[in-house]
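File shown: input_12.txt. Contents: compact mmCIF, C-alpha atoms (C1' of nucleotides).
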# COMPACT_ATOMS: atom_id res chain seq x y z
CA MET A 3 134.37 138.04 80.54
CA LEU A 4 135.96 141.30 79.42
CA PHE A 5 133.57 143.65 81.24
CA SER A 6 131.99 143.44 84.68
CA LYS A 7 128.20 143.71 85.01
CA THR A 8 128.73 147.24 86.29
CA CYS A 9 130.56 148.08 83.10
CA GLU A 10 128.01 146.37 80.86
CA TYR A 11 125.09 148.22 82.40
CA GLY A 12 127.06 151.46 82.34
CA ILE A 13 127.79 151.16 78.64
CA ARG A 14 124.25 150.16 77.78
CA ALA A 15 122.80 153.00 79.83
CA ALA A 16 125.15 155.60 78.36
CA VAL A 17 124.52 154.42 74.81
CA TYR A 18 120.79 154.52 75.35
CA ILE A 19 120.94 158.04 76.77
CA ALA A 20 123.09 159.12 73.83
CA SER A 21 120.64 157.56 71.40
CA GLN A 22 117.91 159.82 72.80
CA HIS A 23 120.07 162.90 72.36
CA ASP A 24 117.72 164.56 69.87
CA LYS A 25 114.70 164.22 72.16
CA ASP A 26 113.59 167.43 73.83
CA TYR A 27 113.24 165.86 77.26
CA LYS A 28 115.67 164.30 79.72
CA ILE A 29 115.66 160.56 80.21
CA GLY A 30 114.61 159.15 83.58
CA ILE A 31 116.20 156.13 85.23
CA THR A 32 112.96 154.20 84.87
CA GLU A 33 112.86 154.57 81.10
CA ILE A 34 116.56 153.80 80.79
CA CYS A 35 116.34 150.60 82.78
CA GLU A 36 113.24 149.43 80.95
CA LYS A 37 114.91 149.95 77.61
CA ILE A 38 118.23 148.35 78.46
CA GLU A 39 116.66 145.70 80.72
CA ALA A 40 118.99 146.41 83.61
CA PRO A 41 118.34 146.42 87.37
CA ARG A 42 117.01 149.84 88.26
CA HIS A 43 118.72 150.75 91.52
CA PHE A 44 122.02 149.22 90.57
CA THR A 45 122.08 151.08 87.29
CA ALA A 46 121.18 154.30 89.10
CA LYS A 47 124.35 153.85 91.16
CA ILE A 48 126.43 153.35 88.05
CA LEU A 49 124.95 156.46 86.47
CA GLN A 50 125.93 158.36 89.60
CA ILE A 51 129.53 157.41 88.87
CA LEU A 52 129.27 158.34 85.21
CA THR A 53 127.67 161.65 86.14
CA ARG A 54 130.32 162.40 88.73
CA GLU A 55 132.98 161.69 86.10
CA GLY A 56 131.28 164.00 83.65
CA LEU A 57 130.55 161.29 81.10
CA VAL A 58 126.83 161.83 81.46
CA SER A 59 124.85 164.86 82.65
CA SER A 60 121.89 164.81 84.97
CA GLN A 61 119.31 167.10 86.40
CA LYS A 62 117.26 166.64 89.54
CA GLY A 63 113.64 167.59 90.04
CA VAL A 64 110.57 167.77 87.90
CA ASN A 65 111.30 166.95 84.27
CA GLY A 66 114.81 166.08 85.30
CA GLY A 67 116.73 163.04 84.14
CA PHE A 68 119.88 162.08 82.29
CA PHE A 69 121.22 163.50 79.05
CA MET A 70 124.42 163.92 77.07
CA ASP A 71 125.78 166.76 74.98
CA GLU A 72 127.81 166.43 71.79
CA GLU A 73 131.09 166.54 73.65
CA GLN A 74 130.06 163.71 75.95
CA MET A 75 128.89 161.62 73.01
CA ASN A 76 132.30 162.08 71.43
CA ARG A 77 134.10 160.52 74.37
CA PRO A 78 135.69 157.20 73.44
CA LEU A 79 134.28 154.09 75.09
CA ILE A 80 137.57 153.63 76.93
CA ALA A 81 136.82 156.72 79.02
CA LEU A 82 133.66 155.07 80.34
CA VAL A 83 135.35 151.72 80.96
CA GLU A 84 138.18 153.39 82.86
CA ALA A 85 135.74 155.46 84.91
CA VAL A 86 133.99 152.28 85.99
CA GLU A 87 136.79 149.70 86.19
CA GLY A 88 139.67 151.99 87.09
CA THR A 89 142.49 153.09 84.84
CA GLU A 90 144.86 150.21 85.60
CA ALA A 91 142.31 147.51 84.78
CA LEU A 92 143.35 147.55 81.15
CA SER A 93 147.04 147.14 81.79
CA ARG A 94 147.26 144.31 84.29
CA CYS A 95 149.16 141.08 83.70
CA GLY A 96 147.02 138.28 82.30
CA LEU A 97 148.24 135.85 84.94
CA GLY A 98 147.89 138.32 87.81
CA LEU A 99 151.60 138.92 88.39
CA ARG A 100 152.43 142.38 89.65
CA ALA A 101 156.06 141.85 88.73
CA CYS A 102 155.25 141.07 85.11
CA SER A 103 157.09 143.42 82.76
CA GLU A 104 159.25 143.46 79.67
CA LYS A 105 162.21 142.51 81.86
CA GLU A 106 160.43 139.80 83.83
CA PRO A 107 157.56 138.75 81.58
CA CYS A 108 155.07 136.05 82.44
CA PRO A 109 154.87 133.17 79.97
CA LEU A 110 151.87 134.78 78.29
CA HIS A 111 153.21 138.32 78.31
CA ASN A 112 153.89 138.96 74.65
CA LYS A 113 150.76 137.37 73.33
CA TYR A 114 148.67 139.02 76.00
CA LYS A 115 150.22 142.38 75.33
CA ALA A 116 149.02 142.16 71.75
CA ILE A 117 145.49 141.39 72.93
CA ARG A 118 145.56 144.31 75.35
CA THR A 119 146.61 146.57 72.52
CA ASN A 120 143.71 145.31 70.44
CA ILE A 121 141.28 145.88 73.26
CA ALA A 122 142.59 149.37 73.90
CA SER A 123 142.31 150.27 70.25
CA MET A 124 138.77 148.90 70.08
CA LEU A 125 137.82 151.02 73.08
CA THR A 126 139.62 154.08 71.79
CA GLY A 127 138.33 153.72 68.28
CA ILE A 128 134.64 153.96 69.09
CA THR A 129 132.70 156.67 70.87
CA ILE A 130 129.47 156.45 72.84
CA GLY A 131 127.93 158.51 70.06
CA ASP A 132 129.10 156.05 67.40
CA MET A 133 127.35 153.26 69.24
CA ALA A 134 124.23 155.34 69.74
CA LYS A 135 124.16 156.08 66.02
CA LYS A 136 124.10 152.38 65.20
CA LEU A 137 121.14 152.00 67.50
CA GLN A 138 119.30 154.88 65.83
CA LYS A 139 120.01 153.52 62.36
CA GLY A 140 118.59 150.19 63.44
CA SER A 141 121.82 148.43 62.55
CA SER A 142 122.35 147.34 66.13
CA PHE A 143 120.33 146.64 69.24
CA LEU A 144 120.37 146.57 73.03
CA LYS A 145 117.90 143.72 73.34
CA ILE A 146 118.67 141.20 76.05
CA ALA A 147 116.68 138.22 74.82
CA MET B 6 140.33 141.39 83.62
CA LEU B 7 140.40 138.58 81.05
CA PHE B 8 140.84 135.66 83.46
CA SER B 9 139.31 134.96 86.85
CA LYS B 10 141.60 134.27 89.82
CA THR B 11 140.64 130.62 89.48
CA CYS B 12 141.89 130.65 85.93
CA GLU B 13 145.07 132.57 86.76
CA TYR B 14 146.03 130.15 89.51
CA GLY B 15 145.10 127.21 87.32
CA ILE B 16 147.34 128.36 84.49
CA ARG B 17 150.22 129.17 86.80
CA ALA B 18 149.93 125.82 88.57
CA ALA B 19 149.72 123.84 85.34
CA VAL B 20 152.64 125.69 83.82
CA TYR B 21 154.74 125.11 86.91
CA ILE B 22 153.92 121.40 86.94
CA ALA B 23 154.79 121.19 83.26
CA SER B 24 158.06 122.99 83.88
CA GLN B 25 159.05 120.22 86.31
CA HIS B 26 158.25 117.54 83.79
CA ASP B 27 161.81 116.25 83.60
CA LYS B 28 162.07 115.76 87.36
CA ASP B 29 161.91 112.17 88.57
CA TYR B 30 159.42 112.93 91.32
CA LYS B 31 155.84 114.15 91.39
CA ILE B 32 155.13 117.70 92.51
CA GLY B 33 153.18 118.25 95.73
CA ILE B 34 150.60 120.97 96.23
CA THR B 35 152.82 122.61 98.83
CA GLU B 36 155.72 123.05 96.42
CA ILE B 37 153.42 124.23 93.65
CA CYS B 38 151.78 126.90 95.75
CA GLU B 39 155.08 128.11 97.15
CA LYS B 40 156.52 128.50 93.68
CA ILE B 41 153.54 130.19 92.11
CA GLU B 42 152.62 132.13 95.27
CA ALA B 43 149.01 131.04 95.21
CA PRO B 44 146.63 130.18 98.08
CA ARG B 45 147.18 126.53 98.90
CA HIS B 46 143.72 125.12 99.49
CA PHE B 47 142.09 127.13 96.76
CA THR B 48 144.69 126.03 94.25
CA ALA B 49 144.24 122.43 95.37
CA LYS B 50 140.56 122.72 94.42
CA ILE B 51 141.45 124.08 91.00
CA LEU B 52 143.91 121.25 90.44
CA GLN B 53 141.12 118.83 91.28
CA ILE B 54 139.19 120.26 88.34
CA LEU B 55 142.17 120.12 86.02
CA THR B 56 142.85 116.55 87.10
CA ARG B 57 139.23 115.54 86.61
CA GLU B 58 139.37 117.05 83.12
CA GLY B 59 142.54 115.15 82.36
CA LEU B 60 144.66 118.25 81.85
CA VAL B 61 146.92 117.29 84.73
CA SER B 62 147.65 113.89 86.31
CA SER B 63 147.84 113.16 89.98
CA GLN B 64 148.73 110.36 92.30
CA LYS B 65 147.69 109.95 95.90
CA GLY B 66 149.80 108.54 98.70
CA VAL B 67 153.48 108.53 99.59
CA ASN B 68 155.60 110.18 96.91
CA GLY B 69 152.41 111.16 95.17
CA GLY B 70 151.70 114.54 93.67
CA PHE B 71 150.91 116.18 90.37
CA PHE B 72 152.58 115.63 87.02
CA MET B 73 151.98 115.96 83.30
CA ASP B 74 152.90 113.78 80.36
CA GLU B 75 153.91 114.98 76.90
CA GLU B 76 150.37 114.79 75.62
CA GLN B 77 149.06 116.95 78.44
CA MET B 78 151.81 119.49 77.90
CA ASN B 79 150.77 119.71 74.26
CA ARG B 80 147.24 120.78 75.12
CA PRO B 81 146.57 124.35 74.06
CA LEU B 82 145.97 126.89 76.80
CA ILE B 83 142.38 127.27 75.64
CA ALA B 84 141.60 123.75 76.86
CA LEU B 85 142.54 124.76 80.38
CA VAL B 86 140.66 128.04 80.24
CA GLU B 87 137.54 126.29 78.99
CA ALA B 88 137.83 123.62 81.65
CA VAL B 89 137.87 126.30 84.33
CA GLU B 90 135.62 129.03 82.92
CA GLY B 91 133.29 126.88 80.86
CA THR B 92 133.19 126.58 77.11
CA GLU B 93 130.79 129.45 76.47
CA ALA B 94 132.82 132.00 78.41
CA LEU B 95 134.83 132.84 75.33
CA SER B 96 131.85 133.49 73.10
CA ARG B 97 129.58 135.70 75.15
CA CYS B 98 128.45 139.14 74.05
CA GLY B 99 130.63 141.97 75.32
CA LEU B 100 127.62 143.87 76.63
CA GLY B 101 125.97 140.83 78.19
CA LEU B 102 123.14 140.48 75.67
CA ARG B 103 121.97 136.94 75.09
CA ALA B 104 120.20 138.01 71.93
CA CYS B 105 123.36 139.46 70.42
CA SER B 106 124.11 137.84 67.07
CA GLU B 107 124.99 138.66 63.49
CA LYS B 108 121.34 139.42 62.87
CA GLU B 109 120.77 141.47 66.01
CA PRO B 110 124.24 142.67 66.96
CA CYS B 111 124.98 144.87 69.94
CA PRO B 112 126.66 148.18 69.12
CA LEU B 113 130.04 146.68 69.94
CA HIS B 114 129.50 143.36 68.21
CA ASN B 115 131.83 143.58 65.26
CA LYS B 116 134.74 145.11 67.08
CA TYR B 117 134.29 142.74 69.98
CA LYS B 118 134.09 139.74 67.69
CA ALA B 119 137.51 140.62 66.32
CA ILE B 120 138.90 140.77 69.85
CA ARG B 121 137.37 137.42 70.73
CA THR B 122 138.97 135.93 67.66
CA ASN B 123 142.32 137.32 68.74
CA ILE B 124 141.89 135.93 72.21
CA ALA B 125 140.88 132.53 70.90
CA SER B 126 143.88 132.40 68.60
CA MET B 127 146.21 133.43 71.41
CA LEU B 128 144.81 130.64 73.58
CA THR B 129 144.87 128.11 70.77
CA GLY B 130 148.32 129.08 69.57
CA ILE B 131 150.18 128.33 72.77
CA THR B 132 150.41 125.12 74.78
CA ILE B 133 151.05 124.61 78.46
CA GLY B 134 154.33 123.05 77.40
CA ASP B 135 155.30 126.13 75.40
CA MET B 136 154.80 128.28 78.43
CA ALA B 137 156.72 125.84 80.63
CA LYS B 138 159.61 125.91 78.18
CA LYS B 139 159.89 129.68 78.49
CA LEU B 140 160.10 129.26 82.22
CA GLN B 141 162.84 126.65 81.93
CA LYS B 142 164.83 128.78 79.49
CA GLY B 143 164.65 131.66 81.95
CA SER B 144 162.98 133.87 79.35
CA SER B 145 159.88 134.21 81.46
CA PHE B 146 158.81 134.01 85.10
CA LEU B 147 155.99 133.28 87.50
CA LYS B 148 157.11 135.73 90.15
CA ILE B 149 154.33 137.70 91.78
CA ALA B 150 156.26 140.68 93.11
C1' DT C 13 105.90 179.17 98.91
C1' DA C 14 104.28 174.42 98.69
C1' DA C 15 103.80 170.09 96.37
C1' DA C 16 105.64 167.08 93.21
C1' DT C 17 109.39 165.04 91.04
C1' DA C 18 113.77 162.90 90.02
C1' DA C 19 118.56 162.21 90.95
C1' DA C 20 122.08 161.63 94.90
C1' DA C 21 123.45 159.34 98.77
C1' DG C 22 123.69 155.99 102.27
C1' DA C 23 122.34 151.70 104.49
C1' DT C 24 121.39 147.11 103.82
C1' DG C 25 120.78 142.55 101.60
C1' DT C 26 122.00 138.75 98.32
C1' DT C 27 124.93 136.04 95.37
C1' DT C 28 129.22 134.74 93.48
C1' DT C 29 133.93 134.38 93.84
C1' DT C 30 137.70 133.56 96.48
C1' DG C 31 139.81 131.25 100.18
C1' DT C 32 140.23 127.92 104.44
C1' DC C 33 139.71 123.83 107.19
C1' DC C 34 138.73 119.13 108.23
C1' DT C 35 137.66 114.41 106.97
C1' DT C 36 138.00 110.67 103.64
C1' DT C 37 140.25 107.83 100.25
C1' DA C 38 144.02 105.92 97.75
C1' DT C 39 148.81 104.62 97.58
C1' DT C 40 153.36 103.58 99.12
C1' DG C 41 157.07 101.75 101.86
C1' DC C 42 158.19 99.36 105.79
C1' DG D 29 148.98 94.59 107.42
C1' DC D 30 150.16 99.15 109.28
C1' DA D 31 151.78 103.75 109.47
C1' DA D 32 152.68 107.58 106.79
C1' DT D 33 151.62 110.40 103.08
C1' DA D 34 149.26 113.12 99.62
C1' DA D 35 145.33 114.09 96.80
C1' DA D 36 140.01 114.21 96.81
C1' DG D 37 136.00 115.85 98.66
C1' DG D 38 132.84 118.32 101.48
C1' DA D 39 131.66 121.89 104.77
C1' DC D 40 132.50 126.34 106.06
C1' DA D 41 134.18 131.48 106.02
C1' DA D 42 135.51 135.95 104.09
C1' DA D 43 135.51 139.27 100.50
C1' DA D 44 133.88 141.22 96.40
C1' DA D 45 130.39 141.91 93.13
C1' DC D 46 125.77 142.56 92.31
C1' DA D 47 121.38 144.34 93.70
C1' DT D 48 117.66 146.70 96.57
C1' DC D 49 115.51 149.92 99.66
C1' DT D 50 115.01 154.26 102.13
C1' DT D 51 116.16 158.96 103.03
C1' DT D 52 118.00 163.34 101.45
C1' DT D 53 118.76 167.07 98.25
C1' DA D 54 117.94 169.84 94.28
C1' DT D 55 114.75 171.56 90.92
C1' DT D 56 110.50 172.72 88.71
C1' DT D 57 105.94 174.32 88.27
C1' DA D 58 101.63 175.44 89.96

As structure tokens - that is how I would like this structure written.
Amino acid sequence: MLFSKTCEYGIRAAVYIASQHDKDYKIGITEICEKIEAPRHFTAKILQILTREGLVSSQKGVNGGFFMDEEQMNRPLIALVEAVEGTEALSRCGLGLRACSEKEPCPLHNKYKAIRTNIASMLTGITIGDMAKKLQKGSSFLKIA
Amino acid sequence: MLFSKTCEYGIRAAVYIASQHDKDYKIGITEICEKIEAPRHFTAKILQILTREGLVSSQKGVNGGFFMDEEQMNRPLIALVEAVEGTEALSRCGLGLRACSEKEPCPLHNKYKAIRTNIASMLTGITIGDMAKKLQKGSSFLKIA
DNA sequence: TAAATAAAAGATGTTTTTGTCCTTTATTGC
DNA sequence: GCAATAAAGGACAAAAACATCTTTTATTTA
């Protein structure tokens, strides 16, 4: 509902990569997609975007793969969501009205604005690294079913 | 982001119908779609759903059209959203994990749960009639652009 | 330098969502 | 009863999202 599939896979992939940060090898797309149970080629495309945007690093060739440094792990989740969904996605009118504003609000404007603020603060208040840490601690999971 | 187009058009149509509640005639699909600037045939389909679910009333034939009674106007917005998106739409895991639960939470679970609660209370705390009233008062609008 | 490897890139295919069109059914007013 | 009207319903079409497959490019290591 809140995130597209693209965004879901992107978050799961990034969090998994971050969770392997202490490993001494880079993580291949095959391992990533097995672990997060996501479609391989589609997820590869999404990782291309994240790599292009600098949210994830990659290396081609033998022993290549994906990885993240400390700085990348410290990026808030909102950076990833905006990279994937576009920056305006989080500020659109709930009823799809371009004209919706403080001056000409839609009938849901004020309530929706509060929700948007909540969403933004959720996404700003957590980093990829934070999420990875939960995974490592075993206090959260990426299991599908 | 939060609502599908189907849902957006459905809300706008229902709110417009409700806002015409005091009129002595029923509202035709043509008028509705002009006023809410929504695609005519698509919106007609959505109104079929809302009518089937009893959220809106309709009458065929000469001088027929759509209308809502007091009881329908008092339905919370969440009833409409659930009719259109399905009842589970509002309770799915943010990262798309079926297994996500209190016992096996995804790394976003707790924060996302809070958002979902906010969304649910927004949708429960406002009725179609409330939204229509804002329109009538001129304190809010359904203008696209 | 050559072979192997793994991501990047581009083309293509499928499914879902969004949107249109045409026929049928119910209702009204004459 | 008949013509007109308006929603209901079904078939179809376009666009977007989701997903796959193949080729290219960069890198490593033997």

*Rounded to one decimal in Å, what is the spacing between CA of Leu85 in chain B and CA of Ala49 in chain B?*
15.3 Å

*Rounded to one decimal place, report the CA of Ser9 in chain B-C1' of DA47 in chain D distance in Å.*
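Atom-to-atom, CA of Ser9 in chain B to C1' of DA47 in chain D, that is 21.4 Å.
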
If we count only C-alpha atoms (C1' of nucleotides), what is near Ala16 in chain A at a cut-off of 12 Å, once residues fewer than 2 positions away on the same chain are taken out, given as a PDB file with C-alpha atoms, in the coordinates of the input?
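The result, stored in selection-v4.pdb:
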ATOM      1  CA  CYS A   9     130.560 148.080  83.100  1.00  0.00           C
ATOM      2  CA  GLU A  10     128.010 146.370  80.860  1.00  0.00           C
ATOM      3  CA  TYR A  11     125.090 148.220  82.400  1.00  0.00           C
ATOM      4  CA  GLY A  12     127.060 151.460  82.340  1.00  0.00           C
ATOM      5  CA  ILE A  13     127.790 151.160  78.640  1.00  0.00           C
ATOM      6  CA  ARG A  14     124.250 150.160  77.780  1.00  0.00           C
ATOM      7  CA  TYR A  18     120.790 154.520  75.350  1.00  0.00           C
ATOM      8  CA  ILE A  19     120.940 158.040  76.770  1.00  0.00           C
ATOM      9  CA  ALA A  20     123.090 159.120  73.830  1.00  0.00           C
ATOM     10  CA  SER A  21     120.640 157.560  71.400  1.00  0.00           C
ATOM     11  CA  GLN A  22     117.910 159.820  72.800  1.00  0.00           C
ATOM     12  CA  HIS A  23     120.070 162.900  72.360  1.00  0.00           C
ATOM     13  CA  ILE A  29     115.660 160.560  80.210  1.00  0.00           C
ATOM     14  CA  ILE A  31     116.200 156.130  85.230  1.00  0.00           C
ATOM     15  CA  ILE A  34     116.560 153.800  80.790  1.00  0.00           C
ATOM     16  CA  CYS A  35     116.340 150.600  82.780  1.00  0.00           C
ATOM     17  CA  LYS A  37     114.910 149.950  77.610  1.00  0.00           C
ATOM     18  CA  ILE A  38     118.230 148.350  78.460  1.00  0.00           C
ATOM     19  CA  THR A  45     122.080 151.080  87.290  1.00  0.00           C
ATOM     20  CA  ALA A  46     121.180 154.300  89.100  1.00  0.00           C
ATOM     21  CA  ILE A  48     126.430 153.350  88.050  1.00  0.00           C
ATOM     22  CA  LEU A  49     124.950 156.460  86.470  1.00  0.00           C
ATOM     23  CA  GLN A  50     125.930 158.360  89.600  1.00  0.00           C
ATOM     24  CA  ILE A  51     129.530 157.410  88.870  1.00  0.00           C
ATOM     25  CA  LEU A  52     129.270 158.340  85.210  1.00  0.00           C
ATOM     26  CA  THR A  53     127.670 161.650  86.140  1.00  0.00           C
ATOM     27  CA  GLY A  56     131.280 164.000  83.650  1.00  0.00           C
ATOM     28  CA  LEU A  57     130.550 161.290  81.100  1.00  0.00           C
ATOM     29  CA  VAL A  58     126.830 161.830  81.460  1.00  0.00           C
ATOM     30  CA  SER A  59     124.850 164.860  82.650  1.00  0.00           C
ATOM     31  CA  SER A  60     121.890 164.810  84.970  1.00  0.00           C
ATOM     32  CA  PHE A  68     119.880 162.080  82.290  1.00  0.00           C
ATOM     33  CA  PHE A  69     121.220 163.500  79.050  1.00  0.00           C
ATOM     34  CA  MET A  70     124.420 163.920  77.070  1.00  0.00           C
ATOM     35  CA  ASP A  71     125.780 166.760  74.980  1.00  0.00           C
ATOM     36  CA  GLN A  74     130.060 163.710  75.950  1.00  0.00           C
ATOM     37  CA  MET A  75     128.890 161.620  73.010  1.00  0.00           C
ATOM     38  CA  ASN A  76     132.300 162.080  71.430  1.00  0.00           C
ATOM     39  CA  ARG A  77     134.100 160.520  74.370  1.00  0.00           C
ATOM     40  CA  PRO A  78     135.690 157.200  73.440  1.00  0.00           C
ATOM     41  CA  LEU A  79     134.280 154.090  75.090  1.00  0.00           C
ATOM     42  CA  ALA A  81     136.820 156.720  79.020  1.00  0.00           C
ATOM     43  CA  LEU A  82     133.660 155.070  80.340  1.00  0.00           C
ATOM     44  CA  VAL A  83     135.350 151.720  80.960  1.00  0.00           C
ATOM     45  CA  THR A 129     132.700 156.670  70.870  1.00  0.00           C
ATOM     46  CA  ILE A 130     129.470 156.450  72.840  1.00  0.00           C
ATOM     47  CA  GLY A 131     127.930 158.510  70.060  1.00  0.00           C
ATOM     48  CA  ASP A 132     129.100 156.050  67.400  1.00  0.00           C
ATOM     49  CA  MET A 133     127.350 153.260  69.240  1.00  0.00           C
ATOM     50  CA  ALA A 134     124.230 155.340  69.740  1.00  0.00           C
ATOM     51  CA  LEU A 144     120.370 146.570  73.030  1.00  0.00           C
TER      52      LEU A 144
ATOM     53  CA  PRO B 112     126.660 148.180  69.120  1.00  0.00           C
TER      54      PRO B 112
END

*So what do you get for C1' of DC33 in chain C versus C1' of DA43 in chain D, distance-wise?*
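Between C1' of DC33 in chain C and C1' of DA43 in chain D the gap works out to 17.3 Å.
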
*Residues of chain A within 8 Å of chain B, all atoms listed in the file counted, as a PyMOL selection string*: chain A and resi 3-5+7+10-11+13-14+91-92+94+96-102+106-110+113-114+117+120-121+124+133-134+136-137+141-147

*Exercise answer, chain A residues close to chain D, 6 Å and only C-alpha atoms (C1' of nucleotides), as a ChimeraX atom specification*: /A:44,62-64
